[in-house]
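Here the structure is laid out as structure tokens; the discussion comes afterwards.
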Amino acid sequence: MKVPAGHYLILAAALFTTGLVGVLVRRNLIVMFMCVELMLNSVNLTLVAFSRIHGGLDGQIMSFFVMVVAAAEVTVGLALIINLFRLRASVDADDVHSLRS
Amino acid sequence: MEHALTPPAGSVIQLAWLIPVIPALSAGFLLLAGKRLGKIAAPVAIAAIGASFAVSLLVFGALRAEPEHERTFVVHLAQWLDIGPLQVDWNLLVDPLASVMLLLVTGVGTLIHVYSVGYMHGDERYPRFFAYLNLFAASMLILVLGESMLTLFVGWELVGLCSYLLIGFWFERRDYAGAAKKAFVTNRVGDVGFMLAMFLAFSAVGSLSFTQVLPAAEGLAAGTAVAIALLLFVGATGKSAQIPLYVWLPDAMAGPTPVSALIHAATMVTAGVYLVARMSPLFSAVPDVGMVVAWVGALTALLAALIACVQRDLKKILAYSTVSQLGYMFIAVGVGAYTAGVFHLLTHGFFKALLFLAAGSVMHALHDETDVWRMGGLRKHMPVTFATSLIGWLAIAGIPPLSGYFSKEEILAAASETPGAMPVYVIGLVVAGLTAFYMTRWFVLIFLGPERFGHNIHPHESPWSMSGVLAVLAVLAAGGGLLNTSAEGGWLHHWLEGSVVAFHGEVHPLGHTALIALAMVAAVAGIAAAVALYRRVDAQGAPRFPGWHRLATNKFYVDELYQLVLVTPGRMLSDALSVFDRRGIDGAVNGIARGTAGLATLGRRTQTGYVRSYALATLLGALLIAGLFYAGSWAASAWIG
């Protein structure tokens, strides 16, 4: 069965929107973080889909870069969250607003 | 001025630098260590000025040993300024004029130091007082020894500073601190004249050294010479308290009495007369300026003498008397009789120091009473002060054979022998009578007549350190006339020949004897009038000429005039500038700061600290950019299409 390329793009848009809404409305830092990952992966999906449509390899190589950066980002991000939890005993993003004006 | 020589190797003259340096070092030492020294400060200070006096005597002796007309020496100490054509060295000019000034400053200065031991006894800033006295003497000695206008000016300024420090010595009292400021500011006005004179002299001659400026004085363009001489005289009116800058001197009485004696007799006020005498080749080249000097001197002498006649404060009477006597000196140097001016400077130094210290002794006995109307009858209680004051009084009144007679006589003779100076002579004669009058009033009200002080006051003679000084000064005031018994043949006249320009006058048709008789009549009339008026008064009677009395008591409203013409507009100007400074300049700076802060407050509102709002902002930004791209591509396609 051959899936048309447009479907990949629609799925990617749906995933991106889910991630975006999640980042905006959720307060749990872990969930927000996972939503960011979801957005990154939806972009990866888009890149791969366009790569397939155009028959080039640029998009696929780009998606590898994104994965590497995302992996690095995850290590730093999780370390930050763990330290924040040790400090505040909470992973609620709204509890961390000491930089407010 | 005769040709300047370098002192021979090994000569005492080489040591002249010690004269100002010893008291200056002592002053520095006392300022640093004074608190620990306490009472030891006085012997240190006296030893310093005494040593200075000893060196001055040695230098004087060495000068006398040199052959006549070869007595002007320049002692090179160090290089100071070397800026293109401007070459100024630390050089000392040791000549007969400087040597007599040195002896006056250090000699009378030493006596005043000794007197201060008793007078300042128990003052909380005792060591500091002696440090300032030493510094004052050192400054004056620099002024006297300076070989160029600039080194003289260094001493000139230091003298001004010291007068400020000493007049305001009891600065806890606001009016005393004000008097100190007044003296300083008034002197600064004169200093501007001096500085301009220096600039002019440098641009005309290319040097500030006396050994170069004075010989060049004859060859200066007439306008330049007149301007330099006039500007120098402006400087001299500041230091020597002449019209229009005399107002600081009477207020300078705020300082302790030994300071008054020092300022009025040995240092400071004599500086202006000394300056004119030092620059005598310049002044004699422009006789018109000399007449201005003589007229200013005569008017100052008259004005101050009139004010002195009605003052009640025993020190203020003496202060106005000093202004008046300085006027005499300027009459002398104005008509070109520089020797007579210096002679009166010396004798005045003796008898005015004596009178001031006697006044201090009287105040000491009467618990700092200064009103002559609350004195009287002190003859019995203070025999030494009485006897020495008697000599001082007769000396200043011009009674022969005391010193004041000779010097005043010489000045009057010089004025009468100068063509065109007849009015000056007449004023001088009137002032001679007035001087005799107000000094007799001073003397009679203090020492004779009934006792007008309170019954609970028991006056006593001052300690020997004070009365002994009075005795020494009395001897000087009595015998000072021997320095120059006659205008042509006197010792001082001969001694100063190499330093100042000789006087050339025409013999007055009346003849010398008649002039002496006139001066004597004026003096005796003044004394007789004052004795008749004040001999038996036991309370202050109503003034005989009330309007006149009020005018003179208020010092002819000169201070009020200065207040109105200078001080008030000056204050208004500075008030306006102060408003501009606060509203205009500060306002602009503060306004910018406030604007920045306001903008920053707006920006701060966006910083909520919530991650989601930042995320939303990022999203909106991304949408905006995407929208712009879309709109851009749409517009581009529409335009192409």
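Residue numbering restarts at 1 in every chain; chains get A, B, ... in the order shown in the structure tokens, and ligands count up from 1 in that same order.
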Chain A residues within 8 Å of chain B, counting only C-alpha atoms: which ones, as a PyMOL selection string?
chain A and resi 23-25+93-94+96-101
Restrict the selected residues to N, CA and C atoms and save them as a short mmCIF file (atom, residue, chain, number, x, y, z; two decimals), in the first residue's frame.
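Result written to selection23.cif:
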data_model
loop_
_atom_site.label_atom_id
_atom_site.label_comp_id
_atom_site.auth_asym_id
_atom_site.auth_seq_id
_atom_site.Cartn_x
_atom_site.Cartn_y
_atom_site.Cartn_z
N VAL A 23 2.72 22.40 25.24
CA VAL A 23 3.69 23.32 25.85
C VAL A 23 2.97 24.53 26.43
N LEU A 24 1.94 25.01 25.71
CA LEU A 24 1.27 26.23 26.15
C LEU A 24 0.37 26.00 27.35
N VAL A 25 -0.31 24.88 27.41
CA VAL A 25 -1.34 24.74 28.44
C VAL A 25 -0.90 23.91 29.63
N ALA A 93 5.83 24.38 36.34
CA ALA A 93 6.52 25.50 35.70
C ALA A 93 6.13 26.84 36.31
N ASP A 94 4.88 26.95 36.78
CA ASP A 94 4.44 28.24 37.33
C ASP A 94 5.05 28.55 38.69
N VAL A 96 8.10 28.38 39.15
CA VAL A 96 9.43 28.94 38.87
C VAL A 96 9.24 30.25 38.10
N HIS A 97 9.03 31.33 38.84
CA HIS A 97 8.91 32.61 38.14
C HIS A 97 9.67 33.70 38.89
N SER A 98 10.77 33.34 39.48
CA SER A 98 11.50 34.34 40.27
C SER A 98 12.16 35.40 39.38
N LEU A 99 12.19 35.21 38.08
CA LEU A 99 12.74 36.25 37.19
C LEU A 99 11.66 37.23 36.75
N ARG A 100 10.46 37.11 37.37
CA ARG A 100 9.40 38.06 37.03
C ARG A 100 9.85 39.48 37.36
N SER A 101 9.43 40.43 36.57
CA SER A 101 9.85 41.83 36.67
C SER A 101 10.14 42.22 38.10
#
Spatial neighbours of Ala517 (chain B), 12 Å, only C-alpha atoms, chain gap at least 6 places, as a ChimeraX atom specification:
/B:398-400,405,409,412-413,429,510-511,523-525
Any chance you can output those residues with N, CA and C atoms as a PDB file, in the first residue's frame?
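again_3.pdb written:
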ATOM      1  N   GLY B 398      53.920 111.780  66.554  1.00  0.00           N
ATOM      2  CA  GLY B 398      54.929 112.589  65.882  1.00  0.00           C
ATOM      3  C   GLY B 398      55.599 113.612  66.778  1.00  0.00           C
ATOM      4  N   ILE B 399      55.818 113.224  68.034  1.00  0.00           N
ATOM      5  CA  ILE B 399      56.481 114.144  68.957  1.00  0.00           C
ATOM      6  C   ILE B 399      57.971 113.820  68.985  1.00  0.00           C
ATOM      7  N   PRO B 400      58.843 114.799  68.722  1.00  0.00           N
ATOM      8  CA  PRO B 400      60.274 114.515  68.792  1.00  0.00           C
ATOM      9  C   PRO B 400      60.680 114.241  70.235  1.00  0.00           C
ATOM     10  N   TYR B 405      58.204 110.827  64.710  1.00  0.00           N
ATOM     11  CA  TYR B 405      58.429 112.211  64.312  1.00  0.00           C
ATOM     12  C   TYR B 405      59.317 112.277  63.075  1.00  0.00           C
ATOM     13  N   GLU B 409      57.880 113.283  59.464  1.00  0.00           N
ATOM     14  CA  GLU B 409      58.446 114.562  59.039  1.00  0.00           C
ATOM     15  C   GLU B 409      59.048 114.429  57.638  1.00  0.00           C
ATOM     16  N   LEU B 412      56.303 114.171  54.986  1.00  0.00           N
ATOM     17  CA  LEU B 412      55.667 115.462  54.728  1.00  0.00           C
ATOM     18  C   LEU B 412      56.609 116.376  53.952  1.00  0.00           C
ATOM     19  N   ALA B 413      57.879 116.335  54.325  1.00  0.00           N
ATOM     20  CA  ALA B 413      58.844 117.177  53.618  1.00  0.00           C
ATOM     21  C   ALA B 413      58.914 116.762  52.157  1.00  0.00           C
ATOM     22  N   LEU B 429      49.259 116.844  56.348  1.00  0.00           N
ATOM     23  CA  LEU B 429      49.353 117.672  57.546  1.00  0.00           C
ATOM     24  C   LEU B 429      48.097 117.522  58.403  1.00  0.00           C
ATOM     25  N   LEU B 510      58.763 127.543  51.632  1.00  0.00           N
ATOM     26  CA  LEU B 510      58.611 127.851  53.056  1.00  0.00           C
ATOM     27  C   LEU B 510      59.859 127.485  53.855  1.00  0.00           C
ATOM     28  N   GLY B 511      60.657 126.542  53.309  1.00  0.00           N
ATOM     29  CA  GLY B 511      61.846 126.122  54.050  1.00  0.00           C
ATOM     30  C   GLY B 511      61.530 125.018  55.032  1.00  0.00           C
ATOM     31  N   ALA B 523      50.376 118.354  65.314  1.00  0.00           N
ATOM     32  CA  ALA B 523      50.407 117.276  66.302  1.00  0.00           C
ATOM     33  C   ALA B 523      49.980 117.784  67.671  1.00  0.00           C
ATOM     34  N   VAL B 524      50.554 118.911  68.079  1.00  0.00           N
ATOM     35  CA  VAL B 524      50.248 119.426  69.414  1.00  0.00           C
ATOM     36  C   VAL B 524      48.781 119.829  69.501  1.00  0.00           C
ATOM     37  N   ALA B 525      48.265 120.412  68.415  1.00  0.00           N
ATOM     38  CA  ALA B 525      46.851 120.804  68.432  1.00  0.00           C
ATOM     39  C   ALA B 525      45.966 119.570  68.583  1.00  0.00           C
TER      40      ALA B 525
END
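Between CA of Met140 (chain B) and CA of Val159 (chain B) lies a distance of 6.1 Å.
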So which residues touch region 39-44 of chain A within 8 Å, counting only C-alpha atoms, skipping near sequence neighbours fewer than 4 positions away, as a VMD selection string?
chain A and resid 11 to 13 15 to 20 35 48 63 66 70
Could you write out that same residue set with N, CA and C atoms as a short mmCIF file (atom, residue, chain, number, x, y, z; two decimals), in the first residue's frame?
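This is the output file result-v1.cif:
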data_model
loop_
_atom_site.label_atom_id
_atom_site.label_comp_id
_atom_site.auth_asym_id
_atom_site.auth_seq_id
_atom_site.Cartn_x
_atom_site.Cartn_y
_atom_site.Cartn_z
N LEU A 11 -0.17 14.37 9.28
CA LEU A 11 0.15 13.76 10.57
C LEU A 11 1.17 14.63 11.31
N ALA A 12 2.18 15.08 10.57
CA ALA A 12 3.21 15.91 11.20
C ALA A 12 2.59 17.19 11.77
N ALA A 13 1.67 17.83 10.98
CA ALA A 13 1.01 19.05 11.47
C ALA A 13 0.20 18.75 12.71
N LEU A 15 0.74 16.35 14.93
CA LEU A 15 1.67 16.13 16.04
C LEU A 15 2.23 17.47 16.55
N PHE A 16 2.61 18.34 15.61
CA PHE A 16 3.19 19.64 15.98
C PHE A 16 2.21 20.44 16.81
N THR A 17 0.94 20.46 16.32
CA THR A 17 -0.08 21.23 17.04
C THR A 17 -0.31 20.64 18.43
N THR A 18 -0.35 19.34 18.54
CA THR A 18 -0.52 18.70 19.85
C THR A 18 0.60 19.13 20.79
N GLY A 19 1.84 19.03 20.25
CA GLY A 19 2.99 19.44 21.07
C GLY A 19 2.90 20.89 21.47
N LEU A 20 2.54 21.76 20.52
CA LEU A 20 2.49 23.20 20.80
C LEU A 20 1.46 23.50 21.87
N CYS A 35 6.33 17.34 25.21
CA CYS A 35 5.64 18.01 24.12
C CYS A 35 6.63 18.67 23.17
N VAL A 48 11.59 14.38 6.57
CA VAL A 48 11.72 13.09 5.86
C VAL A 48 10.70 13.01 4.73
N SER A 63 17.30 15.66 9.40
CA SER A 63 16.57 15.07 10.53
C SER A 63 17.52 14.36 11.47
N VAL A 66 18.84 16.99 13.72
CA VAL A 66 17.82 17.37 14.71
C VAL A 66 17.79 16.35 15.84
N ALA A 70 18.48 17.08 19.63
CA ALA A 70 17.41 16.79 20.57
C ALA A 70 17.92 15.90 21.69
#
Leu448 (chain B): which residues within 9 Å, counting only C-alpha atoms, same-chain residues fewer than 4 positions away excluded, as an MDAnalysis selection string?
chainID B and resid 375:379 443:444 535:536
Smallest atom-to-atom distance to Ala236 (chain B): which of B:Asp251, B:Glu157, B:Asp191, B:Asp581, using only C-alpha atoms?
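Ranked by minimum distance to Ala236 (chain B), first place goes to B:Asp191.
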May I ask for the distance between CA of Leu434 (chain B) and CA of Phe556 (chain B), given in Å to one decimal place?
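It comes out at 16.6 Å.
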Residue contacts of region 542-553 of chain B (8 Å, only C-alpha atoms) excluding same-chain residues fewer than 6 positions away, as a list in words:
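Non-adjacent residues within range: Leu306, Ile307, Val310 and Gln311 of chain B.
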Store the residues of this selection in a file with C-alpha atoms, as a PDB file, in the first residue's frame.
ATOM      1  CA  LEU B 306      38.494 110.248  60.383  1.00  0.00           C
ATOM      2  CA  ILE B 307      36.988 106.841  61.113  1.00  0.00           C
ATOM      3  CA  VAL B 310      35.117 107.845  66.594  1.00  0.00           C
ATOM      4  CA  GLN B 311      35.744 104.107  66.965  1.00  0.00           C
TER       5      GLN B 311
END
